[in-house]
file entry-v6.tsv (TSV, C-alpha atoms)
chain	number	residue	atom	x	y	z
S	6	MET	CA	214.31	102.64	87.94
S	7	ILE	CA	214.06	106.26	88.90
S	8	SER	CA	216.95	108.00	90.56
S	9	ARG	CA	217.50	108.20	94.29
S	10	ARG	CA	216.88	111.95	94.38
S	11	THR	CA	213.54	111.65	92.60
S	12	THR	CA	212.46	108.88	94.97
S	13	GLU	CA	213.39	110.96	97.98
S	14	PHE	CA	211.59	113.97	96.55
S	15	LEU	CA	208.41	111.99	95.84
S	16	VAL	CA	208.43	110.35	99.28
S	17	GLY	CA	208.90	113.77	100.88
S	18	LEU	CA	206.00	115.07	98.84
S	19	PHE	CA	203.87	112.08	99.89
S	20	VAL	CA	204.57	112.56	103.60
S	21	ALA	CA	203.96	116.31	103.31
S	22	ALA	CA	200.65	115.70	101.51
S	23	GLY	CA	199.58	113.22	104.19
S	24	ILE	CA	200.38	115.61	107.02
S	25	ALA	CA	198.69	118.46	105.14
S	26	ALA	CA	195.57	116.30	104.81
S	27	LEU	CA	195.62	115.50	108.54
S	28	PHE	CA	196.04	119.20	109.30
S	29	MET	CA	193.19	120.11	106.96
S	30	LEU	CA	190.94	117.52	108.64
S	31	ALA	CA	191.85	118.87	112.08
S	32	MET	CA	191.33	122.54	111.29
S	33	GLN	CA	188.61	122.55	108.64
S	34	VAL	CA	186.56	119.44	109.33
S	35	SER	CA	186.73	118.91	113.10
S	36	ASN	CA	185.93	121.26	115.91
S	37	LEU	CA	189.57	121.80	116.92
S	38	SER	CA	189.51	125.41	115.72
S	39	THR	CA	186.38	126.18	117.75
S	40	ILE	CA	186.99	124.02	120.81
S	41	SER	CA	189.68	126.14	122.43
S	42	LEU	CA	188.13	129.18	123.97
S	43	GLY	CA	191.05	130.66	125.85
S	44	ASP	CA	190.32	132.00	129.33
S	45	THR	CA	186.75	131.55	130.43
S	46	TYR	CA	184.53	132.24	133.40
S	47	ARG	CA	181.72	129.93	134.45
S	48	VAL	CA	178.13	130.78	135.22
S	49	THR	CA	175.28	128.38	135.85
S	50	ALA	CA	171.72	128.50	134.62
S	51	THR	CA	168.81	126.31	135.65
S	52	PHE	CA	166.22	125.17	133.17
S	53	THR	CA	163.08	123.12	133.61
S	54	ASN	CA	163.80	121.43	130.27
S	55	ILE	CA	166.97	121.55	128.23
S	56	GLY	CA	165.71	119.61	125.21
S	57	SER	CA	168.66	117.98	123.49
S	58	LEU	CA	171.28	120.46	124.66
S	59	SER	CA	174.60	118.73	125.33
S	60	ALA	CA	178.09	119.49	126.52
S	61	ARG	CA	180.03	121.55	123.92
S	62	SER	CA	176.85	123.13	122.58
S	63	PRO	CA	177.59	126.77	121.73
S	64	VAL	CA	176.62	129.74	123.86
S	65	LYS	CA	175.69	132.72	121.70
S	66	ALA	CA	174.88	136.36	122.24
S	67	SER	CA	173.18	138.10	119.31
S	68	GLY	CA	174.06	135.03	117.28
S	69	VAL	CA	177.80	135.36	117.95
S	70	ARG	CA	179.55	132.48	119.70
S	71	VAL	CA	180.83	133.69	123.09
S	72	GLY	CA	181.34	130.38	124.88
S	73	GLN	CA	180.12	126.83	125.24
S	74	VAL	CA	178.21	124.52	127.54
S	75	THR	CA	180.70	122.61	129.67
S	76	ALA	CA	178.51	120.56	131.98
S	77	ILE	CA	174.89	119.54	132.46
S	78	ASN	CA	173.63	118.19	135.76
S	79	TYR	CA	170.30	117.43	137.32
S	80	ASP	CA	169.38	119.06	140.62
S	81	ASP	CA	167.00	116.63	142.32
S	82	GLN	CA	166.22	119.09	145.11
S	83	ARG	CA	164.60	121.56	142.76
S	84	ASN	CA	163.85	119.10	139.95
S	85	GLN	CA	165.65	121.22	137.43
S	86	ALA	CA	168.57	120.89	135.03
S	87	VAL	CA	171.68	122.86	135.93
S	88	VAL	CA	173.71	123.92	132.92
S	89	THR	CA	177.24	125.26	133.35
S	90	LEU	CA	178.22	127.81	130.72
S	91	SER	CA	181.83	128.78	130.06
S	92	ILE	CA	181.99	132.28	128.61
S	93	GLU	CA	185.17	133.81	127.23
S	94	LYS	CA	186.88	136.27	129.57
S	95	ARG	CA	186.89	139.06	126.97
S	96	PHE	CA	183.09	139.10	127.03
S	97	ASP	CA	182.81	140.25	130.66
S	98	LYS	CA	180.18	142.97	130.25
S	99	PHE	CA	177.09	140.76	130.62
S	100	SER	CA	174.82	142.26	133.27
S	101	VAL	CA	173.63	140.18	136.24
S	102	ASP	CA	170.09	140.11	134.88
S	103	THR	CA	171.14	138.48	131.62
S	104	ALA	CA	168.54	135.97	130.44
S	105	ALA	CA	169.47	132.58	128.99
S	106	SER	CA	167.24	130.77	126.51
S	107	ILE	CA	167.66	127.49	124.67
S	108	TYR	CA	167.02	127.82	120.97
S	109	THR	CA	167.39	125.54	118.00
S	110	ALA	CA	169.40	126.51	114.95
S	111	GLY	CA	166.96	125.78	112.17
S	112	LEU	CA	164.02	123.45	112.64
S	113	LEU	CA	166.08	120.30	113.24
S	114	GLY	CA	169.53	121.79	113.83
S	115	GLU	CA	171.67	121.76	116.93
S	116	GLN	CA	170.49	123.47	120.11
S	117	TYR	CA	172.37	126.38	121.66
S	118	VAL	CA	172.07	128.73	124.62
S	119	ALA	CA	171.28	132.32	123.67
S	120	LEU	CA	172.17	135.11	126.12
S	121	GLN	CA	170.05	138.26	126.19
S	122	PRO	CA	171.80	141.01	128.25
S	123	GLY	CA	169.67	142.98	130.72
S	124	VAL	CA	169.86	146.50	132.05
S	125	GLU	CA	171.69	146.24	135.40
S	126	ASP	CA	175.10	147.89	135.80
S	127	ASP	CA	176.68	145.00	137.75
S	128	THR	CA	178.29	142.35	135.53
S	129	LEU	CA	178.37	138.57	135.81
S	130	LYS	CA	181.28	137.04	137.73
S	131	ASP	CA	182.70	133.54	137.85
S	132	GLY	CA	180.33	131.23	139.75
S	133	ASP	CA	177.24	133.40	139.39
S	134	SER	CA	173.96	131.87	138.38
S	135	LEU	CA	171.55	133.38	135.89
S	136	LEU	CA	168.20	134.55	137.22
S	137	PHE	CA	166.11	134.44	134.08
S	138	THR	CA	165.95	131.39	131.88
S	139	ASN	CA	163.70	130.11	129.11
S	140	SER	CA	163.53	126.38	128.59
S	141	ALA	CA	163.88	124.62	125.29
S	142	MET	CA	160.87	124.42	123.04
S	143	VAL	CA	159.94	120.80	122.72
S	144	LEU	CA	158.18	120.18	119.45
S	145	GLU	CA	155.92	117.42	120.80
S	146	ARG	CA	154.69	119.66	123.61
S	147	LEU	CA	153.94	122.49	121.21
S	148	ILE	CA	151.98	120.17	118.97
S	149	GLY	CA	150.19	118.77	122.01
S	150	LYS	CA	149.15	122.23	123.19
S	151	PHE	CA	148.04	123.14	119.69
S	152	MET	CA	145.89	119.99	119.48
S	153	VAL	CA	144.30	120.64	122.85
S	154	ASN	CA	143.49	124.23	121.88
S	155	LYS	CA	141.95	123.06	118.62
S	156	MET	CA	139.80	120.51	120.40
S	157	GLU	CA	138.56	123.03	122.96
S	158	GLN	CA	137.38	125.39	120.23
U	10	MET	CA	183.86	47.69	108.32
U	11	GLY	CA	187.23	49.32	108.71
U	12	GLU	CA	187.04	50.88	105.26
U	13	LEU	CA	183.55	52.23	105.88
U	14	TRP	CA	184.64	53.74	109.15
U	15	GLN	CA	187.56	55.40	107.45
U	16	ARG	CA	185.36	56.82	104.73
U	17	LEU	CA	182.85	58.18	107.24
U	18	SER	CA	185.47	59.75	109.45
U	19	ALA	CA	187.46	61.26	106.56
U	20	PRO	CA	185.63	64.62	106.52
U	21	PHE	CA	186.13	65.00	110.27
U	22	THR	CA	189.80	64.17	109.99
U	23	ALA	CA	190.15	66.79	107.25
U	24	LEU	CA	188.30	69.34	109.34
U	25	GLY	CA	190.47	68.67	112.34
U	26	ARG	CA	193.60	68.91	110.24
U	27	ALA	CA	192.44	72.23	108.77
U	28	VAL	CA	191.70	73.66	112.24
U	29	LEU	CA	195.05	72.51	113.62
U	30	GLN	CA	196.82	73.90	110.59
U	31	SER	CA	195.17	77.30	110.89
U	32	PHE	CA	196.18	77.52	114.56
U	33	GLU	CA	199.69	76.53	113.61
U	34	ARG	CA	199.79	79.25	110.97
U	35	LEU	CA	198.47	81.81	113.43
U	36	GLY	CA	201.20	80.95	115.88
U	37	HIS	CA	203.77	80.95	113.10
U	38	SER	CA	202.65	84.39	111.93
U	39	THR	CA	202.80	85.77	115.48
U	40	LEU	CA	206.38	84.56	115.87
U	41	PHE	CA	207.10	86.04	112.45
U	42	LEU	CA	205.69	89.41	113.60
U	43	LEU	CA	207.86	89.33	116.72
U	44	GLN	CA	210.92	88.65	114.56
U	45	VAL	CA	210.07	91.58	112.30
U	46	ILE	CA	209.59	93.86	115.30
U	47	LYS	CA	212.91	92.69	116.66
U	48	GLY	CA	214.48	93.75	113.37
U	49	LEU	CA	212.96	97.22	113.46
U	50	PRO	CA	215.82	99.04	115.26
U	51	ALA	CA	218.16	98.00	112.43
U	52	ILE	CA	216.38	100.31	109.99
U	53	LEU	CA	217.87	103.31	111.79
U	54	LEU	CA	221.21	102.29	110.26
U	55	ARG	CA	219.78	102.22	106.71
U	56	PRO	CA	216.97	104.79	106.43
U	57	TRP	CA	217.30	104.72	102.65
U	58	LEU	CA	215.69	101.28	102.59
U	59	VAL	CA	212.61	102.70	104.31
U	60	VAL	CA	212.45	105.65	101.90
U	61	GLN	CA	212.56	103.19	99.01
U	62	GLN	CA	209.70	101.18	100.50
U	63	LEU	CA	207.71	104.30	101.32
U	64	TYR	CA	207.93	105.06	97.62
U	65	SER	CA	206.63	101.70	96.44
U	66	VAL	CA	204.09	101.24	99.26
U	67	GLY	CA	202.95	104.80	99.83
U	68	VAL	CA	203.63	107.06	96.87
U	69	LEU	CA	202.44	104.58	94.26
U	70	THR	CA	199.19	104.01	96.19
U	71	THR	CA	198.43	107.72	96.47
U	72	VAL	CA	196.79	108.09	93.07
U	73	ILE	CA	194.22	105.31	93.56
U	74	ILE	CA	193.46	106.62	97.07
U	75	ILE	CA	192.87	110.17	95.88
U	76	VAL	CA	190.71	109.14	92.93
U	77	ALA	CA	188.69	106.72	95.10
U	78	GLY	CA	188.33	109.35	97.85
U	79	ALA	CA	187.05	111.95	95.42
U	80	PHE	CA	184.44	109.61	93.99
U	81	VAL	CA	183.32	108.27	97.38
U	82	GLY	CA	182.93	111.85	98.63
U	83	MET	CA	180.95	112.82	95.56
U	84	VAL	CA	178.63	109.83	95.93
U	85	LEU	CA	178.12	110.67	99.60
U	86	GLY	CA	177.25	114.21	98.55
U	87	LEU	CA	174.67	113.00	96.04
U	88	GLN	CA	173.11	110.27	98.20
U	89	GLY	CA	173.18	112.35	101.36
U	90	TYR	CA	171.54	115.28	99.64
U	91	ASN	CA	168.76	113.11	98.25
U	92	ILE	CA	167.98	111.70	101.70
U	93	LEU	CA	168.38	114.91	103.69
U	94	VAL	CA	166.37	117.05	101.29
U	95	ARG	CA	163.27	115.03	102.24
U	96	PHE	CA	163.56	116.38	105.76
U	97	ASN	CA	164.49	119.88	104.64
U	98	SER	CA	167.81	119.50	106.39
U	99	GLU	CA	170.19	119.40	103.44
U	100	SER	CA	172.36	121.89	105.32
U	101	SER	CA	173.42	118.93	107.51
U	102	LEU	CA	175.10	117.39	104.47
U	103	GLY	CA	178.49	118.45	105.82
U	104	THR	CA	177.86	116.56	109.06
U	105	MET	CA	176.95	113.40	107.22
U	106	VAL	CA	179.82	113.48	104.73
U	107	GLY	CA	182.37	114.44	107.38
U	108	LEU	CA	181.39	111.88	109.98
U	109	THR	CA	181.02	109.03	107.51
U	110	LEU	CA	184.40	109.66	105.94
U	111	VAL	CA	186.43	110.43	109.05
U	112	ARG	CA	185.01	107.64	111.20
U	113	GLU	CA	184.43	104.75	108.84
U	114	LEU	CA	184.95	105.02	105.11
U	115	GLY	CA	188.28	106.81	105.26
U	116	PRO	CA	190.14	104.16	107.28
U	117	VAL	CA	188.27	101.11	105.95
U	118	VAL	CA	188.18	101.81	102.22
U	119	THR	CA	191.78	103.01	102.34
U	120	ALA	CA	192.78	99.77	104.07
U	121	LEU	CA	190.94	97.65	101.50
U	122	LEU	CA	192.52	99.53	98.61
U	123	PHE	CA	195.88	99.34	100.37
U	124	ALA	CA	195.57	95.57	100.74
U	125	GLY	CA	194.73	95.29	97.04
U	126	ARG	CA	197.33	97.68	95.71
U	127	ALA	CA	200.30	97.64	98.10
U	128	GLY	CA	199.72	94.44	100.09
U	129	SER	CA	199.47	92.19	97.06
U	130	ALA	CA	202.60	93.77	95.58
U	131	LEU	CA	204.52	93.15	98.79
U	132	THR	CA	203.40	89.52	98.93
U	133	ALA	CA	204.25	88.87	95.29
U	134	GLU	CA	207.65	90.50	95.69
U	135	LEU	CA	208.55	88.50	98.80
U	136	GLY	CA	207.15	85.29	97.30
U	137	LEU	CA	209.31	85.70	94.22
U	138	MET	CA	212.33	86.50	96.37
U	139	LYS	CA	211.70	83.28	98.20
U	140	ALA	CA	211.13	81.29	95.00
U	141	THR	CA	214.43	82.53	93.61
U	142	GLU	CA	216.12	81.67	96.93
U	143	GLN	CA	217.23	85.23	97.61
U	144	PHE	CA	216.58	84.85	101.33
U	145	SER	CA	218.83	81.80	101.50
U	146	GLY	CA	221.44	83.78	99.63
U	147	MET	CA	221.23	86.59	102.12
U	148	GLU	CA	221.55	84.20	105.03
U	149	MET	CA	224.62	82.71	103.37
U	150	MET	CA	226.14	86.22	103.35
U	151	ALA	CA	225.18	86.67	107.04
U	152	VAL	CA	222.56	89.29	106.09
U	153	ASP	CA	219.43	88.99	108.18
U	154	PRO	CA	216.43	89.16	105.80
U	155	TYR	CA	214.23	90.29	108.70
U	156	LYS	CA	216.38	93.39	109.17
U	157	ARG	CA	217.25	93.99	105.56
U	158	VAL	CA	213.99	93.14	103.73
U	159	LEU	CA	211.04	92.78	106.09
U	160	ALA	CA	211.51	95.52	108.69
U	161	PRO	CA	211.72	98.44	106.19
U	162	ARG	CA	208.62	97.18	104.38
U	163	PHE	CA	206.72	96.78	107.63
U	164	ILE	CA	207.48	100.26	108.89
U	165	ALA	CA	206.70	101.77	105.49
U	166	GLY	CA	203.26	100.13	105.52
U	167	VAL	CA	202.44	101.23	109.05
U	168	VAL	CA	203.53	104.81	108.34
U	169	SER	CA	201.81	105.06	104.96
U	170	MET	CA	198.35	103.94	105.99
U	171	PRO	CA	197.33	106.83	108.30
U	172	LEU	CA	198.67	109.34	105.79
U	173	LEU	CA	196.73	107.69	102.97
U	174	ALA	CA	193.56	107.52	105.07
U	175	ALA	CA	193.88	111.22	105.90
U	176	MET	CA	194.26	112.03	102.21
U	177	PHE	CA	191.22	109.87	101.40
U	178	SER	CA	189.04	111.65	103.97
U	179	ALA	CA	190.27	115.12	103.02
U	180	VAL	CA	189.70	114.57	99.31
U	181	GLY	CA	186.33	112.96	100.07
U	182	VAL	CA	185.17	115.96	102.07
U	183	LEU	CA	186.18	118.21	99.19
U	184	GLY	CA	184.37	115.90	96.74
U	185	GLY	CA	181.23	116.15	98.86
U	186	TYR	CA	181.64	119.91	98.85
U	187	VAL	CA	181.94	120.05	95.06
U	188	ILE	CA	178.74	118.03	94.57
U	189	GLY	CA	176.72	119.36	97.52
U	190	VAL	CA	177.63	123.02	97.35
U	191	GLY	CA	178.75	123.42	93.75
U	192	LEU	CA	176.17	121.29	92.00
U	193	LEU	CA	173.16	120.90	94.30
U	194	GLY	CA	173.18	124.33	95.92
U	195	VAL	CA	173.71	123.56	99.62
U	196	ASP	CA	174.96	126.64	101.45
U	197	GLY	CA	178.77	126.52	101.61
U	198	GLY	CA	179.01	128.11	105.04
U	199	ALA	CA	176.48	125.67	106.47
U	200	TYR	CA	178.40	122.73	104.96
U	201	TRP	CA	181.58	123.62	106.84
U	202	SER	CA	180.07	124.97	110.05
U	203	GLN	CA	177.70	122.01	110.56
U	204	MET	CA	180.63	119.71	109.90
U	205	GLN	CA	182.80	121.51	112.44
U	206	GLY	CA	179.90	121.50	114.87
U	207	SER	CA	179.56	117.73	114.91
U	208	VAL	CA	182.94	116.23	113.99
U	209	ASP	CA	184.86	116.05	117.25
U	210	PHE	CA	188.64	116.10	117.22
U	211	THR	CA	189.26	113.38	119.83
U	212	ASP	CA	186.09	111.30	119.42
U	213	ASP	CA	185.97	111.18	115.63
U	214	LEU	CA	189.19	112.31	114.03
U	215	MET	CA	191.57	110.53	116.40
U	216	THR	CA	189.37	107.41	116.37
U	217	GLY	CA	189.77	107.27	112.62
U	218	PHE	CA	193.49	107.85	112.95
U	219	TYR	CA	193.95	104.99	115.43
U	220	LYS	CA	191.88	102.74	113.21
U	221	SER	CA	194.01	103.46	110.16
U	222	LEU	CA	197.15	102.85	112.20
U	223	ALA	CA	195.81	99.46	113.31
U	224	PHE	CA	194.75	98.59	109.74
U	225	GLY	CA	198.18	99.52	108.41
U	226	PHE	CA	199.74	97.23	110.99
U	227	VAL	CA	197.46	94.30	110.13
U	228	CYS	CA	197.53	94.71	106.34
U	229	THR	CA	201.32	94.90	106.21
U	230	TRP	CA	201.71	92.02	108.66
U	231	VAL	CA	199.42	89.76	106.61
U	232	ALA	CA	201.08	90.79	103.32
U	233	LEU	CA	204.59	90.18	104.60
U	234	PHE	CA	203.74	86.89	106.27
U	235	GLU	CA	201.88	85.49	103.25
U	236	GLY	CA	204.84	86.40	101.05
U	237	TYR	CA	207.54	85.13	103.35
U	238	ASP	CA	205.63	81.93	104.12
U	239	SER	CA	204.53	81.20	100.54
U	240	VAL	CA	205.20	77.95	98.74
U	241	PRO	CA	208.20	78.82	96.54
U	242	THR	CA	206.62	77.91	93.21
U	243	SER	CA	204.88	80.10	90.66
U	244	GLU	CA	201.56	78.59	91.73
U	245	GLY	CA	202.36	79.12	95.41
U	246	VAL	CA	203.23	82.77	94.87
U	247	GLY	CA	199.98	83.32	93.01
U	248	ARG	CA	197.98	81.69	95.80
U	249	ALA	CA	199.85	83.66	98.44
U	250	THR	CA	199.03	86.93	96.66
U	251	THR	CA	195.33	86.06	96.54
U	252	GLN	CA	195.31	84.96	100.16
U	253	SER	CA	197.12	88.12	101.21
U	254	VAL	CA	194.33	90.30	99.79
U	255	VAL	CA	191.53	88.07	101.08
U	256	HIS	CA	192.92	87.67	104.59
U	257	ALA	CA	193.92	91.30	104.95
U	258	SER	CA	190.48	92.51	103.80
U	259	LEU	CA	188.66	90.15	106.16
U	260	ALA	CA	190.96	91.09	109.04
U	261	VAL	CA	190.36	94.78	108.36
U	262	LEU	CA	186.58	94.41	108.31
U	263	GLY	CA	186.51	92.27	111.45
U	264	LEU	CA	188.95	94.49	113.29
U	265	ASN	CA	186.94	97.52	112.24
U	266	PHE	CA	183.90	96.18	114.04
U	267	ILE	CA	185.87	95.45	117.20
U	268	LEU	CA	187.63	98.82	117.17
U	269	THR	CA	184.38	100.68	116.50
U	270	ALA	CA	182.69	98.90	119.40
U	271	LEU	CA	185.63	99.75	121.65
U	272	LEU	CA	186.23	103.33	120.57
U	273	LEU	CA	182.71	104.53	119.84
U	274	GLU	CA	181.56	106.68	122.69
U	275	THR	CA	177.89	106.09	123.25
U	276	SER	CA	176.52	109.43	124.27
call {"tool": "encode", "arguments": {"input": "entry-v6.tsv", "output": "structure tokens"}}
result
Amino acid sequence: MISRRTTEFLVGLFVAAGIAALFMLAMQVSNLSTISLGDTYRVTATFTNIGSLSARSPVKASGVRVGQVTAINYDDQRNQAVVTLSIEKRFDKFSVDTAASIYTAGLLGEQYVALQPGVEDDTLKDGDSLLFTNSAMVLERLIGKFMVNKMEQ
Amino acid sequence: MGELWQRLSAPFTALGRAVLQSFERLGHSTLFLLQVIKGLPAILLRPWLVVQQLYSVGVLTTVIIIVAGAFVGMVLGLQGYNILVRFNSESSLGTMVGLTLVRELGPVVTALLFAGRAGSALTAELGLMKATEQFSGMEMMAVDPYKRVLAPRFIAGVVSMPLLAAMFSAVGVLGGYVIGVGLLGVDGGAYWSQMQGSVDFTDDLMTGFYKSLAFGFVCTWVALFEGYDSVPTSEGVGRATTQSVVHASLAVLGLNFILTALLLETS
């Protein structure tokens, strides 16, 4: 039988290792480190097709994460998808004519919204909506167009 | 005529008796659980008992959990790579390894190993205590075995399981990294970033945590009940130990399906 002190030490070590593993899972494996954005402002963008974009998809400018998609709704008046983007407050220099496009990371990777700043001096404010948008590229549609072009030739 | 009737109805009588007995045992075990829970506040007076049980239930199970986690993670790395490379998306290996471990394999395999390693030990220990009439002895000395023996073991099991499951998943993810990134040449940054992109804290990580908590509860309950309720002979203790592992494993697998169906958010 090992001594009481050794037992206590080993149990302490065990609990510490378990909590360390939980912490490692939270920070390194899950999205906890990327989910909290701090202060954000919201802008909306309308797309004719959002592909497989979903809430919590990243919003990137020049490939750098600046925010995330917080909501996706369908506007049945205009028959378009309305995507709400939350952008971090410290990135407040986006001009009002910023264009939003939906791209795919890699051929089959996750989809994200890419922001391309324009030339205007005025900057985006909370509640603004983006004027220029590019919809997601849907692979089936591209292939369809390609087939039709081939057949017409 | 009467004899024939008896012979024909014998299987049905046996079946009915078995069903009634299993209901009786279920009720008995529920009452037992309530008694153990009633004894839980008493452990605050003797925390050393819990530390002792955490040692035998938790610390001694750590090695098998870590070794198993490493190998399961490595196998996931190998198998996942071989499947994903067909679609040129081996960079999603992190997603696959992370989600599989955190959601399912971490809690379930840990619970199965826990039932085999710690649960059977608990049952055998309690069964032997009963066979040597230690519980009667305690009652003679006005010591409540529920407070003194069962409650510390129960709390140790419930606390140990989530910690063990977390260790299993963490080691598994690292094992997948070693095989996927170190051996097969998946990009290390993609492994972690794709994993972080798709493993959600509340939907996946906490789901796994709740599962392991529930499994710890069930495994320890079954182990303690089988031990405390065993037939106090050497044969009875042996049977109780077997039944403890079998029942705990089946309960874990069944409960896992129910919990998954309840907790899985269909998006």
call {"tool": "residues_around", "arguments": {"input": "entry-v6.tsv", "residues": "region 206-220 of chain U", "least_positions_apart": "6", "cutoff": "6 Å", "atoms": "only C-alpha atoms", "output": "ChimeraX atom specification"}}
result
/S:35-37 /U:111-112
call {"tool": "closest_residue", "arguments": {"input": "entry-v6.tsv", "among": "U:Trp201, U:Phe177, U:Tyr186, U:Phe163", "to": "Ala22 (chain S)", "atoms": "all atoms listed in the file"}}
result
U:Phe177
call {"tool": "residues_around", "arguments": {"input": "entry-v6.tsv", "residues": "region 133-145 of chain S", "least_positions_apart": "4", "cutoff": "9 Å", "atoms": "only C-alpha atoms", "output": "mmCIF file with C-alpha atoms, in the frame of the given file"}}
result
data_model
loop_
_atom_site.group_PDB
_atom_site.id
_atom_site.type_symbol
_atom_site.label_atom_id
_atom_site.label_comp_id
_atom_site.auth_asym_id
_atom_site.auth_seq_id
_atom_site.Cartn_x
_atom_site.Cartn_y
_atom_site.Cartn_z
ATOM 1 C CA ARG S 47 181.720 129.930 134.450
ATOM 2 C CA VAL S 48 178.130 130.780 135.220
ATOM 3 C CA THR S 49 175.280 128.380 135.850
ATOM 4 C CA ALA S 50 171.720 128.500 134.620
ATOM 5 C CA THR S 51 168.810 126.310 135.650
ATOM 6 C CA PHE S 52 166.220 125.170 133.170
ATOM 7 C CA THR S 53 163.080 123.120 133.610
ATOM 8 C CA ASN S 54 163.800 121.430 130.270
ATOM 9 C CA ILE S 55 166.970 121.550 128.230
ATOM 10 C CA GLY S 56 165.710 119.610 125.210
ATOM 11 C CA SER S 57 168.660 117.980 123.490
ATOM 12 C CA LEU S 58 171.280 120.460 124.660
ATOM 13 C CA THR S 89 177.240 125.260 133.350
ATOM 14 C CA VAL S 101 173.630 140.180 136.240
ATOM 15 C CA ASP S 102 170.090 140.110 134.880
ATOM 16 C CA THR S 103 171.140 138.480 131.620
ATOM 17 C CA ALA S 104 168.540 135.970 130.440
ATOM 18 C CA ALA S 105 169.470 132.580 128.990
ATOM 19 C CA SER S 106 167.240 130.770 126.510
ATOM 20 C CA ILE S 107 167.660 127.490 124.670
ATOM 21 C CA TYR S 108 167.020 127.820 120.970
ATOM 22 C CA THR S 109 167.390 125.540 118.000
ATOM 23 C CA GLN S 116 170.490 123.470 120.110
ATOM 24 C CA LEU S 129 178.370 138.570 135.810
ATOM 25 C CA GLY S 149 150.190 118.770 122.010
ATOM 26 C CA LYS S 150 149.150 122.230 123.190
#
call {"tool": "interface_residues", "arguments": {"input": "entry-v6.tsv", "of": "chain U", "to": "chain S", "cutoff": "10 Å", "atoms": "all atoms listed in the file", "output": "JSON, numbers by chain"}}
result
{"U": [57, 60, 61, 62, 63, 64, 65, 67, 68, 69, 71, 96, 97, 98, 100, 101, 103, 104, 107, 108, 111, 168, 169, 170, 171, 172, 173, 174, 175, 176, 177, 178, 179, 180, 182, 200, 201, 202, 203, 204, 205, 206, 207, 208, 209, 210, 211, 212, 213, 214, 215, 218, 276]}
call {"tool": "write_last_selection", "arguments": {"input": "entry-v6.tsv", "atoms": "C-alpha atoms", "output": "compact mmCIF listing (two decimals), in the frame of the given file"}}
result
# COMPACT_ATOMS: atom_id res chain seq x y z
CA TRP U 57 217.30 104.72 102.65
CA VAL U 60 212.45 105.65 101.90
CA GLN U 61 212.56 103.19 99.01
CA GLN U 62 209.70 101.18 100.50
CA LEU U 63 207.71 104.30 101.32
CA TYR U 64 207.93 105.06 97.62
CA SER U 65 206.63 101.70 96.44
CA GLY U 67 202.95 104.80 99.83
CA VAL U 68 203.63 107.06 96.87
CA LEU U 69 202.44 104.58 94.26
CA THR U 71 198.43 107.72 96.47
CA PHE U 96 163.56 116.38 105.76
CA ASN U 97 164.49 119.88 104.64
CA SER U 98 167.81 119.50 106.39
CA SER U 100 172.36 121.89 105.32
CA SER U 101 173.42 118.93 107.51
CA GLY U 103 178.49 118.45 105.82
CA THR U 104 177.86 116.56 109.06
CA GLY U 107 182.37 114.44 107.38
CA LEU U 108 181.39 111.88 109.98
CA VAL U 111 186.43 110.43 109.05
CA VAL U 168 203.53 104.81 108.34
CA SER U 169 201.81 105.06 104.96
CA MET U 170 198.35 103.94 105.99
CA PRO U 171 197.33 106.83 108.30
CA LEU U 172 198.67 109.34 105.79
CA LEU U 173 196.73 107.69 102.97
CA ALA U 174 193.56 107.52 105.07
CA ALA U 175 193.88 111.22 105.90
CA MET U 176 194.26 112.03 102.21
CA PHE U 177 191.22 109.87 101.40
CA SER U 178 189.04 111.65 103.97
CA ALA U 179 190.27 115.12 103.02
CA VAL U 180 189.70 114.57 99.31
CA VAL U 182 185.17 115.96 102.07
CA TYR U 200 178.40 122.73 104.96
CA TRP U 201 181.58 123.62 106.84
CA SER U 202 180.07 124.97 110.05
CA GLN U 203 177.70 122.01 110.56
CA MET U 204 180.63 119.71 109.90
CA GLN U 205 182.80 121.51 112.44
CA GLY U 206 179.90 121.50 114.87
CA SER U 207 179.56 117.73 114.91
CA VAL U 208 182.94 116.23 113.99
CA ASP U 209 184.86 116.05 117.25
CA PHE U 210 188.64 116.10 117.22
CA THR U 211 189.26 113.38 119.83
CA ASP U 212 186.09 111.30 119.42
CA ASP U 213 185.97 111.18 115.63
CA LEU U 214 189.19 112.31 114.03
CA MET U 215 191.57 110.53 116.40
CA PHE U 218 193.49 107.85 112.95
CA SER U 276 176.52 109.43 124.27
call {"tool": "closest_residue", "arguments": {"input": "entry-v6.tsv", "among": "U:Ala232, U:Leu222, U:Ile52, U:Leu273", "to": "Ala257 (chain U)", "atoms": "only C-alpha atoms"}}
result
U:Ala232
call {"tool": "atom_distance", "arguments": {"input": "entry-v6.tsv", "atom1": "CA of Gly128 (chain U)", "atom2": "CA of Met150 (chain U)"}}
result
27.9 Å
call {"tool": "residues_around", "arguments": {"input": "entry-v6.tsv", "residues": "Asp44 (chain S)", "least_positions_apart": "3", "cutoff": "9 Å", "atoms": "all atoms listed in the file", "output": "list in words"}}
result
Ile92, Glu93, Lys94 and Arg95 of chain S
call {"tool": "closest_residue", "arguments": {"input": "entry-v6.tsv", "among": "U:Arg26, U:Lys139, U:Arg126, U:Arg16", "to": "Val240 (chain U)", "atoms": "only C-alpha atoms"}}
result
U:Lys139
